[in-house]
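**Q** One structure is given below, represented as structure tokens, and several questions about it will come after.
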Amino acid sequence: MRLYNTLVNKKQELKTIREGKVGLYICGITAYDSCHVGHARSAVVFDIITRYLRYRGYDVTYVKNFTDVDDKIIGKANAEGTDIATIAERYIKEHNDDMGALGVVPPTVTPRATEYIGGMIKLIETLIAKGLAYVMDGDVYYAVSKFYGYGKLSGRSLDDMIAGARVDVNERKNNPLDFALWKASKEGEPWWESPWGKGRPGWHIECSVMSQHLLGDTFDIHGGGEDLIFPHHENEIAQSEGASGKPLANYWMHNGFVRINKEKMSKSLGNFFTIKDMLASYQPEVLRFFMIQTHYRSPADFSGDSLAEARQGLERCYTALKAIKDALAGHVVPAGIPDQLTGQDEAFYKIVAELPQKFQEAMDDDFNSAKAIGHIFDAVRHINAFAGKSFAATPAALFVVDVARRNLLEIGNVLGLFLMDPDDYFDRDRTLEVAKRGLDTTLILQLIGERNAARAAKDWQKADEIRKALAEMKVVLKDTPTDTLWQIE
RNA sequence: GGCGGCAUAGCCAAGUGGCUAAGGCAGCGGUCUGCAAAACCGUUAUUCACCGGUUCAAAUCCGGUUGCCGCCUCCA
């Protein structure tokens with residue numbers, strides 16, 4: 001199993017510190033506002049990585065923190081005349097609700113920065129004792145030039161950074177690149193007692209302390225969005241490795257951005273959509289499908305069109321699951337493999353039986369979910385052909401269709417897809433689309449009834465007129481021998 | 001200005017030295033259907049931004065050019 005390591009800029013074989021176990025730390029959110037689709041991508045990417053590692057038999061300890069003290073939280077608390085705990089609590093809850101709705105498996109541990117202030121003070125003391133940090137009027141700064149290897153993750157040298165420095169001049173710092181470990185508290189700010197006076201921790205020190213406390217001095221994988229590579233992760237390395245003398249993490253993984261019109265989706269650019277708003281219009285699996293279709297390190301362009309395409313792709317999969325469901329309905333699937341698998345049954349069996357293996361090959365290569373989706377579509381095409389209308393429910397055919405069902409669901413479970421009953425999926429899809437377009441279900445059903453009456457009377461002209469009227473409302477009909485199904489284009 | 005990434009068909013998107021360049025959408029032809037829709041079958045890049053080089057062999061490696069993006073300030 002190979003994964004791309006930002007530390008060395010190439011794929012490497014995964015070798016865990018302890019056999020069969022993975023310690024994984026992901027930088028979570030700062031709880032000061034609603035999460036947007038960019039946060040969702042990071043969460044879904046590492047959710048799938050965690051699920052896949054577990055699928056491959058690893059015992060994963062997944063730690064994802066919350067930053068619950070920070071300038072923005074303080075600003076919001078002051079603006080609302082409340083305290084930071086209230087603000088943080090509100091957005092942590094909202095975040096957890098969003099993640100639950102997206103089907104993200106909760107991390108093993110979700111530490112909060114304010115629970116680790118004591119550990120941060122201790123780490124800062126160690127860094128001061130080692131000559132890597134200095135005190136300046138109640139602030140403590142990390143002396144970047146004292147840490148050999150500063151810049152190794154982001155691939156830049158101290159000289160490069162000074163040459164291209166765009167850092168605010170802060171006369172309290174010895175070097176403009178030094179960063180705050182501890183900040184003296186100003187009027188109206190929350191504070192904790194420390195050897196340097198009343199103050200609060202800098203951002204980077206939080207993750208160093210929480211990750212090492214929960215996972216050990218050196219753990220397997222550290223991840224986050226690629227915007228965290230510099231300075232956040234670089235600084236974590238400087239802090240943790242400066243203090244312990246050991247590597248912080250063996251593998252560093254970073255997910256690509258969600259973009260809108262080729263630009264990064266972000267709060268500061270204001271070009272974001274919140275998770276909550278998106279889930280009002282799209283099913284969670286559509287959002288996941290959108291993200292899984294692109295490799296996790298590549299940018300993913302977010303638009304109405306790209307979501308529509310994801311919806312269409314997911315619908316194709318659910319169509320196959322529906323075909324399977326219908327093929328199996330009312331039949332008993334043989335418990336063991338019938339020994340007379342021949343012809344079409346045998347050919348189909350071969351295709352669906354090797355699906356998990358192909359999935360694994362794709363995912364073993366740096367979690368190539370886009371390739372995995374390609375294999376799923378291949379299987380879906382064969383499923384539709386085999387379990388479609390010419391399906392004959394022989395024991396052998398029932399058995400192989402059931403294998404297809406099990407394998408598709410097994411893979412889906414790793415990706416967080418195909419978790420719904422297909423009929424429920426299509427119902428929900430209709431409900432969402434009808435609401436989105438402001439359509440009237442009663443009217444639609446009435447028109448369908450009228451059309452079916454016309455069809456019964458073989459009045460094809462009238463039937464087609466009604467269907468055309470429905471088509472203008474984006475309602476697409478599908479006549480079956482027993483019924484007329486509908487959905488929104 | 002410093003550092004880094006990306007560029008594959010009308011669109012989305014895998015592929016990073018060697019079988020016929022995955023897959024999806026859209027398009028076209030067909031099967032099915034009262035006609036459709038869905039589904040299925042067939043078809044759609046002699047070519048991987050451009051120029052040059054290395055190699056028996058490159059979309060894949062190296063150098064250059066152009067364009068886009070990111071980080072360098074909070075950011076998933």
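Residues are referred to by chain and number: the chain letter is A, B, ... according to the order shown in the structure tokens, the number counts from 1 in that chain, and ligands are numbered separately from 1 in the order shown.
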I need the residues of range 116-269 of chain A that end up classed as strand (DSSP E or B) by DSSP on the backbone, written out as a PyMOL selection string.
**A** chain A and resi 133-136+139-142+179-184+192+199-201+219-225+249-255+258-260+263-264
**Q** Using only C-alpha atoms, please write the residues we just selected to a file, as a PDB file, in the first residue's frame.
**A**
```pdb
ATOM      1  CA  ALA A 133      12.276  29.957  21.948  1.00  0.00           C
ATOM      2  CA  TYR A 134      12.549  33.306  23.685  1.00  0.00           C
ATOM      3  CA  VAL A 135      10.365  35.482  25.872  1.00  0.00           C
ATOM      4  CA  MET A 136       9.552  39.031  24.910  1.00  0.00           C
ATOM      5  CA  ASP A 139       4.973  36.824  24.509  1.00  0.00           C
ATOM      6  CA  VAL A 140       6.980  33.750  23.640  1.00  0.00           C
ATOM      7  CA  TYR A 141       8.344  33.274  20.141  1.00  0.00           C
ATOM      8  CA  TYR A 142       9.914  30.356  18.378  1.00  0.00           C
ATOM      9  CA  PHE A 179       6.112  32.767  15.245  1.00  0.00           C
ATOM     10  CA  ALA A 180       4.204  33.113  18.501  1.00  0.00           C
ATOM     11  CA  LEU A 181       4.025  30.179  20.902  1.00  0.00           C
ATOM     12  CA  TRP A 182       2.333  32.198  23.619  1.00  0.00           C
ATOM     13  CA  LYS A 183       0.607  35.565  23.414  1.00  0.00           C
ATOM     14  CA  ALA A 184       0.222  37.928  26.349  1.00  0.00           C
ATOM     15  CA  TRP A 192      -4.504  31.476  31.381  1.00  0.00           C
ATOM     16  CA  GLY A 199      -1.846  34.870  28.149  1.00  0.00           C
ATOM     17  CA  ARG A 200      -3.090  32.359  25.631  1.00  0.00           C
ATOM     18  CA  PRO A 201      -1.424  29.873  23.291  1.00  0.00           C
ATOM     19  CA  PHE A 219       3.033   8.751  14.960  1.00  0.00           C
ATOM     20  CA  ASP A 220       2.192   7.455  11.502  1.00  0.00           C
ATOM     21  CA  ILE A 221       0.197   9.965   9.498  1.00  0.00           C
ATOM     22  CA  HIS A 222      -0.462  13.664   9.894  1.00  0.00           C
ATOM     23  CA  GLY A 223      -2.912  15.272   7.506  1.00  0.00           C
ATOM     24  CA  GLY A 224      -4.903  18.330   6.632  1.00  0.00           C
ATOM     25  CA  GLY A 225      -5.685  20.700   3.786  1.00  0.00           C
ATOM     26  CA  ALA A 249       4.993  12.022  11.851  1.00  0.00           C
ATOM     27  CA  ASN A 250       6.316   9.591   9.264  1.00  0.00           C
ATOM     28  CA  TYR A 251       3.831  10.532   6.551  1.00  0.00           C
ATOM     29  CA  TRP A 252       2.263  13.898   5.806  1.00  0.00           C
ATOM     30  CA  MET A 253      -0.853  13.880   3.660  1.00  0.00           C
ATOM     31  CA  HIS A 254      -2.601  16.929   2.237  1.00  0.00           C
ATOM     32  CA  ASN A 255      -5.861  17.180   0.365  1.00  0.00           C
ATOM     33  CA  VAL A 258     -12.334  22.787  -3.671  1.00  0.00           C
ATOM     34  CA  ARG A 259     -12.375  25.538  -6.266  1.00  0.00           C
ATOM     35  CA  ILE A 260     -14.988  27.798  -7.736  1.00  0.00           C
ATOM     36  CA  GLU A 263     -10.210  29.813  -7.438  1.00  0.00           C
ATOM     37  CA  LYS A 264      -9.860  28.304  -4.001  1.00  0.00           C
TER      38      LYS A 264
END
```
**Q** Give me, as a PyMOL selection string, the residues of chain B touching chain A, with the criterion being at most 8 Å (counting only C-alpha atoms (C1' of nucleotides)).
**A** chain B and resi 1-4+12-14+22-25+34-35+37-40+69+71-73+75-76
**Q** Find the residue from B:C50, B:A58, B:U65, B:G70 that sits nearest to G17 in chain B; use only C-alpha atoms (C1' of nucleotides) when measuring.
**A**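 Counting only C-alpha atoms (C1' of nucleotides), the residue closest to G17 in chain B is B:A58.
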**Q** Using the chain letters and numbers from this document, which residues of range 105-250 of chain A does DSSP assign to helix (DSSP H, G or I), as an NGL selection string?
**A** :A and (113-129 or 144-146 or 158-163 or 203-215 or 226-244)
**Q** What's around A7 in chain B at 12 Å? Count only C-alpha atoms (C1' of nucleotides), leave out sequence neighbours fewer than 6 positions away in its own chain, and write the answer as number ranges by chain.
**A** B: 48-50, 59, 66-69
**Q** Keeping only C-alpha atoms (C1' of nucleotides), write the selected residues to a file as an mmCIF file, in the first residue's frame.
**A**
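Contents of the output file selection32.cif:
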```
data_model
loop_
_atom_site.group_PDB
_atom_site.id
_atom_site.type_symbol
_atom_site.label_atom_id
_atom_site.label_comp_id
_atom_site.auth_asym_id
_atom_site.auth_seq_id
_atom_site.Cartn_x
_atom_site.Cartn_y
_atom_site.Cartn_z
ATOM 1 C "C1'" C B 48 -1.696 13.755 -24.270
ATOM 2 C "C1'" A B 49 -0.409 22.987 -23.944
ATOM 3 C "C1'" C B 50 4.028 24.352 -27.200
ATOM 4 C "C1'" A B 59 1.411 11.670 -22.235
ATOM 5 C "C1'" U B 66 3.224 29.827 -22.662
ATOM 6 C "C1'" G B 67 -1.163 29.636 -19.631
ATOM 7 C "C1'" C B 68 -3.708 28.627 -15.013
ATOM 8 C "C1'" C B 69 -3.580 27.804 -9.719
#
```
**Q** Have a look at CA of Pro481 in chain A and CA of Leu419 in chain A and let me know their distance in Å, one decimal.
**A**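 Distance between the two atoms: 28.4 Å.
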**Q** Using only C-alpha atoms for the distances, tell me which of A:Val400, A:Val22, A:Val475, A:Ile444 is nearest to Thr50 in chain A.
**A**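 Of A:Val400, A:Val22, A:Val475, A:Ile444, the one nearest Thr50 in chain A is A:Val22, counting only C-alpha atoms.
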